[in-house]
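Asker: I have a structure here, written as structure tokens, and I will follow up with some questions on it.
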Amino acid sequence: SRRFDDLETNVTEWKELPGCQNVTHTECDFSSAITEYYDMHHVRIRAERREDKSPWSSIFEMIPYYIAQIGPPGIELKSINGIIKIQVSPPEANQVQKMWIDHLSFKYNLVIWENSSNAEVRSRSIFPTDIVDDLAPETTYCLKVQATLPLYSQEGLFSPVHCIKTTRKAVNNLLCPTNLRVFALNMKFHLHWNNQYKQHVNYTVQYLIGYLKKLHDDYSAKWLNVPRCENITNTKCNFSSIITATSGIHYLRVQAMSEYNKSCLSNEVTVDPLITNEIGPPTVKVDISDVLVHIQISPPGGPENEVMGDHYDLTYQVLYWKNSSDNEEEMKTKEIKQTIATISDLTPSTSYCVKVKAFSKAYNKSSPFSKEECIKTPGDKMLPLIILATFVTTLIAVLVVATLFIFFLYQAYNKIKYVFFPSCQPPLNIEGFGGQLFGSPYLSAAEEPIENCYVIESIITEEVNQIDFKDYKRSKQSSRDSGNYSNDDDTSGSKESEETLENEIE
């Protein structure tokens with residue numbers, strides 16, 4: 001027979017298979033010639049008799065990995081205290097070149113029966129290192145193990161049958177904790193157990209990370225103590241600190257220690273966090289505006305418990321109904337993904353009640369319903385009155401503000417006008433003398449006559465004669481008659497100034 005190695009070139013190259021030349025039987029082991037388990041191989045064969053040779057057979061195509069049979073695993077057995085401890089080795093464990101590289105992908109099936117004529121055959125899945133209990137003492141059992149690859153739906157060959165006799169069980173030890181059970185709510189995990197021993201006992205809870213059992217090593221020395229659950233006297237333990245949503249399966253057991261330094265281990269209990277955990281009811285708050293009910297939902301465990309919402313992908317079922325004594329109306333249901341919901345189309349002046357539950361479709365889990373929350377919708381006339389009152393209040397506030405603004409603006413305008421644009425102007429005859437303009441309204445009355453005198457003095461010189469003064473006097477009198485000066489004080493002041501000036505001239 002010959003083997004075709006590859007098709008990388010167009011030239012066909014056939015090679016002889018070592019150990020398969022001139023054989024007289026109808027089978028041939030050519031395992032040594034297979035080095036690539038995922039490549040396509042072609043095989044053909046022909047018969048020879050002396051000088052006669054038959055034509056080549058049709059070509060057989062194969063990919064070794066997909067047609068190979070999974071071999072039997074190796075097993076080692078020990079009989080201890082009425083149980084059988086079994087250690088499984090993966091197929092090809094003793095081979096240098098291996099086809100099945102990922103040994104962690106293997107699953108193992110155990111078949112066990114009593115070594116008797118009408119024995120009942122039992123089967124179960126086991127880990128590479130496992131125990132078989134619930135066996136009769138001092139009885140011979142036979143067993144065999146098969147390796148499988150569930151991912152590829154491949155089943156291997158069973159190992160050779162091994163038989164072993166169980167030992168006598170120790171006397172029932174009351175020191176051992178019994179009835180281990182796990183209570184988990186909103187990712188808070190508690191382990192409880194029963195105590196049969198009436199005297200003082202200390203307990204230590206131990207855990208093992210699940211993947212260690214998948215290894216082909218002995219994990220007996222890899223158990224760890226749960227924090228705050230070491231040497232305790234009560235029969236419960238909060239082991240939430242070692243559990244996360246992504247931590248995978250854990251195994252727990254309890255070790256009891258008496259005051260006489262005797263110890264005993266309980267059976268193991270399995271914890272798969274997201275499956276073992278139960279979902280608690282959410283928290284609900286309701287509010288109302290017009291005829292809309294607003295619902296605020298807090299995930300189970302409170303807003304700080306993000307694990308519940310993140311890993312369970314929760315959906316919320318909202319149930320609401322009219323809260324009346326003759327409530328014959330059916331409850332209405334609404335499903336939402338968000339934590340905020342709105343219910344519309346409600347009857348005014350009616351009391352409604354709401355309750356909510358959370359559920360996860362992926363894990364087929366649901367919580368109990370939350371506590372009922374009830375609220376009453378407002379009446380028909382209440383809303384228009386509120387709107388009208390709001391409008392009137394707003395309008396009055398705007399008018400008051402506008403009035404105050406106009407008032408202060410008017411006052412500011414008058415002040416500015418009074419300071420920079422006074423209504424009083426000095427007489428034209430005084431302005432003609434080139435005197436200082438009386439523009440400021442804040443000059444005192446006592447200063448004005450002095451300024452009048454000063455202006456007149458600055459104009460009058462020694463060369464002014466009696467005639468000029470009389471002309472000035474007549475002009476002054478004419479100005480008074482025309483009504484330019486109506487202030488009596490100014491008139492009297494002017495008279496006194498004239499008399500003084502007249503005396504000086506004379």
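Chain labels run A, B, ... following the order of the structure tokens; each chain numbers its residues from 1, and ligands are numbered from 1 in the order shown.
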Could you pull the residues within 12 Å of region 95-100 of chain A, counting only C-alpha atoms, minus those fewer than 6 positions along the same chain, as a ChimeraX atom specification?

Answerer: /A:31-32,34-38,63-71,106,147-149,154,156

Asker: Please, which residues of region 237-385 of chain A, numbered as in this document, come out strand (DSSP E) from DSSP, as a VMD selection string?

Answerer: chain A and resid 237 to 238 250 to 258 263 to 265 269 to 271 283 to 289 292 to 298 315 to 322 332 to 336 340 to 343 351 to 360 365 to 366 373 to 376

Asker: Kindly indicate which residue among A:Ile126, A:Thr333, A:Thr393, A:Phe408 lies nearest to His216 (chain A), using only C-alpha atoms for the distances.

Answerer: A:Ile126

Asker: List as a ChimeraX atom specification the protein and nucleic acid residues near Ser360 (chain A), meaning an atom at most 8 Å away when only C-alpha atoms are counted, but skip any in the same chain fewer than 2 places from it.

Answerer: /A:312-315,358,362-366

Asker: Print the selection's residues with N, CA and C atoms to a file, as an mmCIF file, in the first residue's frame.

Answerer:
data_model
loop_
_atom_site.group_PDB
_atom_site.id
_atom_site.type_symbol
_atom_site.label_atom_id
_atom_site.label_comp_id
_atom_site.auth_asym_id
_atom_site.auth_seq_id
_atom_site.Cartn_x
_atom_site.Cartn_y
_atom_site.Cartn_z
ATOM 1 N N TYR A 312 -28.049 38.669 35.020
ATOM 2 C CA TYR A 312 -29.301 37.967 34.797
ATOM 3 C C TYR A 312 -30.116 38.552 33.645
ATOM 4 N N ASP A 313 -29.766 39.758 33.169
ATOM 5 C CA ASP A 313 -30.515 40.405 32.086
ATOM 6 C C ASP A 313 -32.007 40.394 32.424
ATOM 7 N N LEU A 314 -32.349 41.103 33.487
ATOM 8 C CA LEU A 314 -33.685 41.023 34.062
ATOM 9 C C LEU A 314 -34.739 41.732 33.211
ATOM 10 N N THR A 315 -35.904 41.163 33.207
ATOM 11 C CA THR A 315 -37.101 41.777 32.641
ATOM 12 C C THR A 315 -38.094 41.964 33.783
ATOM 13 N N ALA A 358 -39.462 40.633 39.003
ATOM 14 C CA ALA A 358 -38.357 40.508 38.041
ATOM 15 C C ALA A 358 -38.211 39.043 37.651
ATOM 16 N N ALA A 362 -33.205 33.539 30.623
ATOM 17 C CA ALA A 362 -32.062 32.667 30.381
ATOM 18 C C ALA A 362 -31.933 31.606 31.469
ATOM 19 N N TYR A 363 -32.183 31.977 32.724
ATOM 20 C CA TYR A 363 -32.032 31.047 33.845
ATOM 21 C C TYR A 363 -33.376 30.513 34.348
ATOM 22 N N ASN A 364 -34.465 30.922 33.678
ATOM 23 C CA ASN A 364 -35.799 30.462 34.055
ATOM 24 C C ASN A 364 -36.058 30.703 35.539
ATOM 25 N N LYS A 365 -35.754 31.929 35.973
ATOM 26 C CA LYS A 365 -35.941 32.309 37.376
ATOM 27 C C LYS A 365 -36.822 33.550 37.439
ATOM 28 N N SER A 366 -37.631 33.639 38.464
ATOM 29 C CA SER A 366 -38.446 34.831 38.680
ATOM 30 C C SER A 366 -38.514 35.128 40.172
#

Asker: Please, what distance in Å, to one decimal, runs between CA of Pro300 (chain A) and CA of Thr270 (chain A)?

Answerer: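 Distance between the two atoms: 24.0 Å.
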
Asker: For the helix (DSSP H, G or I) assignment from backbone DSSP, which residues of region 319-407 of chain A qualify? Please present them as an MDAnalysis selection string.

Answerer: chainID A and resid 382:407

Asker: Restricting it to N, CA and C atoms, dump the selection as an mmCIF file, in the first residue's frame.

Answerer:
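See out.cif below for the written result:
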data_model
loop_
_atom_site.group_PDB
_atom_site.id
_atom_site.type_symbol
_atom_site.label_atom_id
_atom_site.label_comp_id
_atom_site.auth_asym_id
_atom_site.auth_seq_id
_atom_site.Cartn_x
_atom_site.Cartn_y
_atom_site.Cartn_z
ATOM 1 N N MET A 382 -59.537 69.593 38.739
ATOM 2 C CA MET A 382 -58.363 70.027 39.485
ATOM 3 C C MET A 382 -57.290 70.585 38.565
ATOM 4 N N LEU A 383 -57.064 69.927 37.462
ATOM 5 C CA LEU A 383 -55.989 70.348 36.568
ATOM 6 C C LEU A 383 -56.246 71.724 35.955
ATOM 7 N N PRO A 384 -57.477 72.038 35.404
ATOM 8 C CA PRO A 384 -57.700 73.406 34.882
ATOM 9 C C PRO A 384 -57.538 74.473 35.938
ATOM 10 N N LEU A 385 -58.036 74.203 37.185
ATOM 11 C CA LEU A 385 -57.882 75.201 38.244
ATOM 12 C C LEU A 385 -56.417 75.457 38.559
ATOM 13 N N ILE A 386 -55.641 74.389 38.569
ATOM 14 C CA ILE A 386 -54.209 74.562 38.834
ATOM 15 C C ILE A 386 -53.561 75.385 37.733
ATOM 16 N N ILE A 387 -53.946 75.084 36.494
ATOM 17 C CA ILE A 387 -53.366 75.832 35.363
ATOM 18 C C ILE A 387 -53.776 77.298 35.427
ATOM 19 N N LEU A 388 -55.089 77.589 35.722
ATOM 20 C CA LEU A 388 -55.575 78.965 35.807
ATOM 21 C C LEU A 388 -54.882 79.721 36.939
ATOM 22 N N ALA A 389 -54.786 79.082 38.109
ATOM 23 C CA ALA A 389 -54.127 79.741 39.240
ATOM 24 C C ALA A 389 -52.663 80.039 38.927
ATOM 25 N N THR A 390 -52.024 79.122 38.274
ATOM 26 C CA THR A 390 -50.621 79.343 37.897
ATOM 27 C C THR A 390 -50.489 80.499 36.918
ATOM 28 N N PHE A 391 -51.421 80.565 35.956
ATOM 29 C CA PHE A 391 -51.368 81.640 34.952
ATOM 30 C C PHE A 391 -51.595 83.001 35.604
ATOM 31 N N VAL A 392 -52.632 83.099 36.465
ATOM 32 C CA VAL A 392 -52.939 84.376 37.115
ATOM 33 C C VAL A 392 -51.783 84.828 38.009
ATOM 34 N N THR A 393 -51.246 83.904 38.774
ATOM 35 C CA THR A 393 -50.116 84.243 39.646
ATOM 36 C C THR A 393 -48.929 84.746 38.844
ATOM 37 N N THR A 394 -48.659 84.077 37.750
ATOM 38 C CA THR A 394 -47.540 84.492 36.897
ATOM 39 C C THR A 394 -47.787 85.867 36.294
ATOM 40 N N LEU A 395 -49.046 86.129 35.850
ATOM 41 C CA LEU A 395 -49.364 87.423 35.245
ATOM 42 C C LEU A 395 -49.221 88.549 36.255
ATOM 43 N N ILE A 396 -49.716 88.345 37.471
ATOM 44 C CA ILE A 396 -49.599 89.384 38.512
ATOM 45 C C ILE A 396 -48.130 89.663 38.826
ATOM 46 N N ALA A 397 -47.351 88.610 38.920
ATOM 47 C CA ALA A 397 -45.926 88.797 39.215
ATOM 48 C C ALA A 397 -45.248 89.605 38.113
ATOM 49 N N VAL A 398 -45.599 89.307 36.856
ATOM 50 C CA VAL A 398 -45.001 90.054 35.734
ATOM 51 C C VAL A 398 -45.406 91.514 35.780
ATOM 52 N N LEU A 399 -46.692 91.807 36.073
ATOM 53 C CA LEU A 399 -47.153 93.203 36.143
ATOM 54 C C LEU A 399 -46.465 93.964 37.267
ATOM 55 N N VAL A 400 -46.325 93.351 38.420
ATOM 56 C CA VAL A 400 -45.656 94.019 39.543
ATOM 57 C C VAL A 400 -44.211 94.345 39.197
ATOM 58 N N VAL A 401 -43.532 93.387 38.626
ATOM 59 C CA VAL A 401 -42.130 93.610 38.253
ATOM 60 C C VAL A 401 -42.021 94.703 37.209
ATOM 61 N N ALA A 402 -42.941 94.699 36.210
ATOM 62 C CA ALA A 402 -42.898 95.723 35.151
ATOM 63 C C ALA A 402 -43.170 97.110 35.728
ATOM 64 N N THR A 403 -44.144 97.204 36.654
ATOM 65 C CA THR A 403 -44.461 98.512 37.271
ATOM 66 C C THR A 403 -43.274 99.049 38.057
ATOM 67 N N LEU A 404 -42.654 98.207 38.860
ATOM 68 C CA LEU A 404 -41.483 98.645 39.630
ATOM 69 C C LEU A 404 -40.359 99.073 38.701
ATOM 70 N N PHE A 405 -40.181 98.344 37.632
ATOM 71 C CA PHE A 405 -39.104 98.690 36.694
ATOM 72 C C PHE A 405 -39.355 100.050 36.052
ATOM 73 N N ILE A 406 -40.593 100.312 35.623
ATOM 74 C CA ILE A 406 -40.924 101.609 34.988
ATOM 75 C C ILE A 406 -40.775 102.743 35.997
ATOM 76 N N PHE A 407 -41.216 102.497 37.253
ATOM 77 C CA PHE A 407 -41.113 103.534 38.285
ATOM 78 C C PHE A 407 -39.665 103.918 38.528
#

Asker: What does the distance between CA of Cys353 (chain A) and CA of Ser289 (chain A) come to in Å, to one decimal place?

Answerer: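 Separation between CA of Cys353 (chain A) and CA of Ser289 (chain A): 15.4 Å.
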
Asker: Just give me the gap between CA of Arg122 (chain A) and CA of Asn109 (chain A) in Å, one decimal is fine.

Answerer: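 So the two atoms, CA of Arg122 (chain A) and CA of Asn109 (chain A), lie 10.5 Å apart.
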
Asker: In terms of the shortest atom-to-atom distance over only C-alpha atoms, which of A:Lys85, A:Arg181, A:Arg50, A:Arg44 is closest to Lys15 (chain A)?

Answerer: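 Smallest distance to Lys15 (chain A) is found for A:Arg44.
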
Asker: I need the residue nearest Leu180 (chain A) from this list: A:Ser266, A:Asn22, A:Thr342, A:Thr377. Use only C-alpha atoms for the distance.

Answerer: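 Closest candidate: A:Ser266.
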
Asker: Pick out the closest residue to Tyr251 (chain A) from this set: A:Leu17, A:Ile336, A:Ile209, A:Ile232. Count only C-alpha atoms.

Answerer: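 Looking only at the distances to Tyr251 (chain A), the closest residue turns out to be A:Ile209.
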
Asker: Under the rule that only C-alpha atoms are counted, which of A:Glu48, A:Ser89, A:Phe420, A:Val284 is the nearest residue to Thr24 (chain A)?

Answerer: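 When distances to Thr24 (chain A) are compared using only C-alpha atoms, the smallest one comes from A:Glu48.
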
Asker: Skip Lys214 (chain A) itself and residues of its chain fewer than 3 positions away, then list as a ChimeraX atom specification all residues within 7 Å of it, counting only C-alpha atoms.

Answerer: /A:104,127-128,211

Asker: Using the selection just defined, write its residues with all heavy atoms as a PDB file, in the first residue's frame.

Answerer:
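The resulting out_32.pdb:
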ATOM      1  N   LEU A 104      -8.524  18.808  29.148  1.00  0.00           N
ATOM      2  CA  LEU A 104      -9.596  19.350  29.975  1.00  0.00           C
ATOM      3  C   LEU A 104     -10.954  19.262  29.287  1.00  0.00           C
ATOM      4  O   LEU A 104     -11.997  19.436  29.934  1.00  0.00           O
ATOM      5  CB  LEU A 104      -9.303  20.812  30.340  1.00  0.00           C
ATOM      6  CG  LEU A 104      -8.055  21.061  31.188  1.00  0.00           C
ATOM      7  CD1 LEU A 104      -7.900  22.548  31.477  1.00  0.00           C
ATOM      8  CD2 LEU A 104      -8.134  20.281  32.500  1.00  0.00           C
ATOM      9  N   PHE A 127     -15.433  13.068  37.823  1.00  0.00           N
ATOM     10  CA  PHE A 127     -14.256  13.884  37.564  1.00  0.00           C
ATOM     11  C   PHE A 127     -13.027  12.980  37.475  1.00  0.00           C
ATOM     12  O   PHE A 127     -13.081  11.805  37.859  1.00  0.00           O
ATOM     13  CB  PHE A 127     -14.074  14.910  38.681  1.00  0.00           C
ATOM     14  CG  PHE A 127     -15.149  15.964  38.715  1.00  0.00           C
ATOM     15  CD1 PHE A 127     -16.140  15.934  39.686  1.00  0.00           C
ATOM     16  CD2 PHE A 127     -15.163  16.969  37.770  1.00  0.00           C
ATOM     17  CE1 PHE A 127     -17.132  16.897  39.716  1.00  0.00           C
ATOM     18  CE2 PHE A 127     -16.145  17.944  37.783  1.00  0.00           C
ATOM     19  CZ  PHE A 127     -17.135  17.905  38.755  1.00  0.00           C
ATOM     20  N   PRO A 128     -11.919  13.514  36.949  1.00  0.00           N
ATOM     21  CA  PRO A 128     -10.704  12.691  36.891  1.00  0.00           C
ATOM     22  C   PRO A 128     -10.309  12.118  38.248  1.00  0.00           C
ATOM     23  O   PRO A 128      -9.780  11.006  38.329  1.00  0.00           O
ATOM     24  CB  PRO A 128      -9.652  13.662  36.357  1.00  0.00           C
ATOM     25  CG  PRO A 128     -10.426  14.651  35.562  1.00  0.00           C
ATOM     26  CD  PRO A 128     -11.721  14.814  36.278  1.00  0.00           C
ATOM     27  N   TYR A 211     -12.859  24.274  38.973  1.00  0.00           N
ATOM     28  CA  TYR A 211     -12.033  23.807  37.862  1.00  0.00           C
ATOM     29  C   TYR A 211     -10.910  22.869  38.326  1.00  0.00           C
ATOM     30  O   TYR A 211     -10.382  22.088  37.530  1.00  0.00           O
ATOM     31  CB  TYR A 211     -11.445  24.987  37.090  1.00  0.00           C
ATOM     32  CG  TYR A 211     -10.222  25.608  37.715  1.00  0.00           C
ATOM     33  CD1 TYR A 211      -8.946  25.161  37.375  1.00  0.00           C
ATOM     34  CD2 TYR A 211     -10.332  26.643  38.630  1.00  0.00           C
ATOM     35  CE1 TYR A 211      -7.822  25.730  37.940  1.00  0.00           C
ATOM     36  CE2 TYR A 211      -9.218  27.219  39.199  1.00  0.00           C
ATOM     37  CZ  TYR A 211      -7.966  26.759  38.852  1.00  0.00           C
ATOM     38  OH  TYR A 211      -6.854  27.313  39.427  1.00  0.00           O
TER      39      TYR A 211
END

Asker: Just the residues within 7 Å of Lys332 (chain A), please, counting only C-alpha atoms, with nothing from its chain fewer than 5 positions along; format it as a ChimeraX atom specification.

Answerer: /A:319-321

Asker: Hey, what's within 8 Å of Ile75 (chain A) if we count only C-alpha atoms and toss same-chain stuff fewer than 3 positions away? As a PDB file with N, CA and C atoms, in the first residue's frame, please?

Answerer:
ATOM      1  N   ILE A  86     -11.383   6.855  42.926  1.00  0.00           N
ATOM      2  CA  ILE A  86     -10.974   6.530  41.570  1.00  0.00           C
ATOM      3  C   ILE A  86     -10.159   7.679  40.983  1.00  0.00           C
ATOM      4  N   GLN A  87      -9.063   7.341  40.338  1.00  0.00           N
ATOM      5  CA  GLN A  87      -8.196   8.300  39.658  1.00  0.00           C
ATOM      6  C   GLN A  87      -8.146   7.913  38.182  1.00  0.00           C
ATOM      7  N   VAL A  88      -8.545   8.853  37.298  1.00  0.00           N
ATOM      8  CA  VAL A  88      -8.633   8.591  35.862  1.00  0.00           C
ATOM      9  C   VAL A  88      -7.505   9.315  35.137  1.00  0.00           C
ATOM     10  N   SER A  89      -6.849   8.616  34.230  1.00  0.00           N
ATOM     11  CA  SER A  89      -5.826   9.211  33.367  1.00  0.00           C
ATOM     12  C   SER A  89      -6.416   9.394  31.976  1.00  0.00           C
ATOM     13  N   VAL A 145     -14.602   2.809  32.691  1.00  0.00           N
ATOM     14  CA  VAL A 145     -14.711   4.254  32.451  1.00  0.00           C
ATOM     15  C   VAL A 145     -14.540   4.530  30.967  1.00  0.00           C
ATOM     16  N   SER A 159     -12.550   1.633  29.212  1.00  0.00           N
ATOM     17  CA  SER A 159     -11.337   1.035  29.772  1.00  0.00           C
ATOM     18  C   SER A 159     -11.593  -0.440  30.080  1.00  0.00           C
TER      19      SER A 159
END

Asker: Leaving out Phe239 (chain A) and any residue of its chain fewer than 2 positions from it, which residues lie within 9 Å of it when counting only C-alpha atoms, given as a compact mmCIF listing (two decimals) with N, CA, C and O atoms, in the first residue's frame?

Answerer:
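As written to disk, selection_17.txt reads:
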# COMPACT_ATOMS: atom_id res chain seq x y z
N LYS A 188 -26.28 36.73 47.85
CA LYS A 188 -25.80 36.57 49.22
C LYS A 188 -25.96 35.09 49.58
O LYS A 188 -27.07 34.57 49.56
N PHE A 189 -24.83 34.43 49.89
CA PHE A 189 -24.82 32.98 50.03
C PHE A 189 -24.57 32.58 51.49
O PHE A 189 -23.65 33.10 52.12
N HIS A 190 -25.39 31.64 51.97
CA HIS A 190 -25.26 31.12 53.34
C HIS A 190 -25.33 29.60 53.31
O HIS A 190 -26.17 29.02 52.61
N LEU A 191 -24.43 28.98 54.07
CA LEU A 191 -24.40 27.53 54.20
C LEU A 191 -24.92 27.16 55.59
O LEU A 191 -24.48 27.73 56.59
N VAL A 205 -15.48 25.80 57.74
CA VAL A 205 -16.04 25.60 56.41
C VAL A 205 -14.91 25.74 55.39
O VAL A 205 -14.14 26.71 55.42
N VAL A 226 -12.97 29.13 54.40
CA VAL A 226 -13.79 30.31 54.11
C VAL A 226 -13.51 31.36 55.18
O VAL A 226 -13.56 31.05 56.38
N PRO A 227 -13.18 32.59 54.79
CA PRO A 227 -12.93 33.64 55.79
C PRO A 227 -14.12 33.83 56.73
O PRO A 227 -15.28 33.77 56.30
N ARG A 228 -13.81 34.07 58.01
CA ARG A 228 -14.79 34.30 59.08
C ARG A 228 -15.68 33.08 59.34
O ARG A 228 -16.72 33.20 59.98
N CYS A 229 -15.28 31.92 58.80
CA CYS A 229 -16.01 30.68 59.09
C CYS A 229 -15.03 29.61 59.58
O CYS A 229 -15.16 28.43 59.26
N CYS A 237 -22.87 29.64 57.98
CA CYS A 237 -21.71 30.40 57.52
C CYS A 237 -22.10 31.24 56.31
O CYS A 237 -22.74 30.74 55.37
N SER A 241 -18.32 36.12 50.39
CA SER A 241 -17.06 36.76 50.03
C SER A 241 -16.25 35.97 49.01
O SER A 241 -15.41 36.55 48.31
N ILE A 242 -16.47 34.68 48.90
CA ILE A 242 -15.68 33.87 47.95
C ILE A 242 -16.42 33.66 46.63
O ILE A 242 -15.88 33.06 45.70
N ILE A 243 -17.66 34.18 46.54
CA ILE A 243 -18.48 33.94 45.36
C ILE A 243 -18.61 35.22 44.55
O ILE A 243 -18.92 36.28 45.08
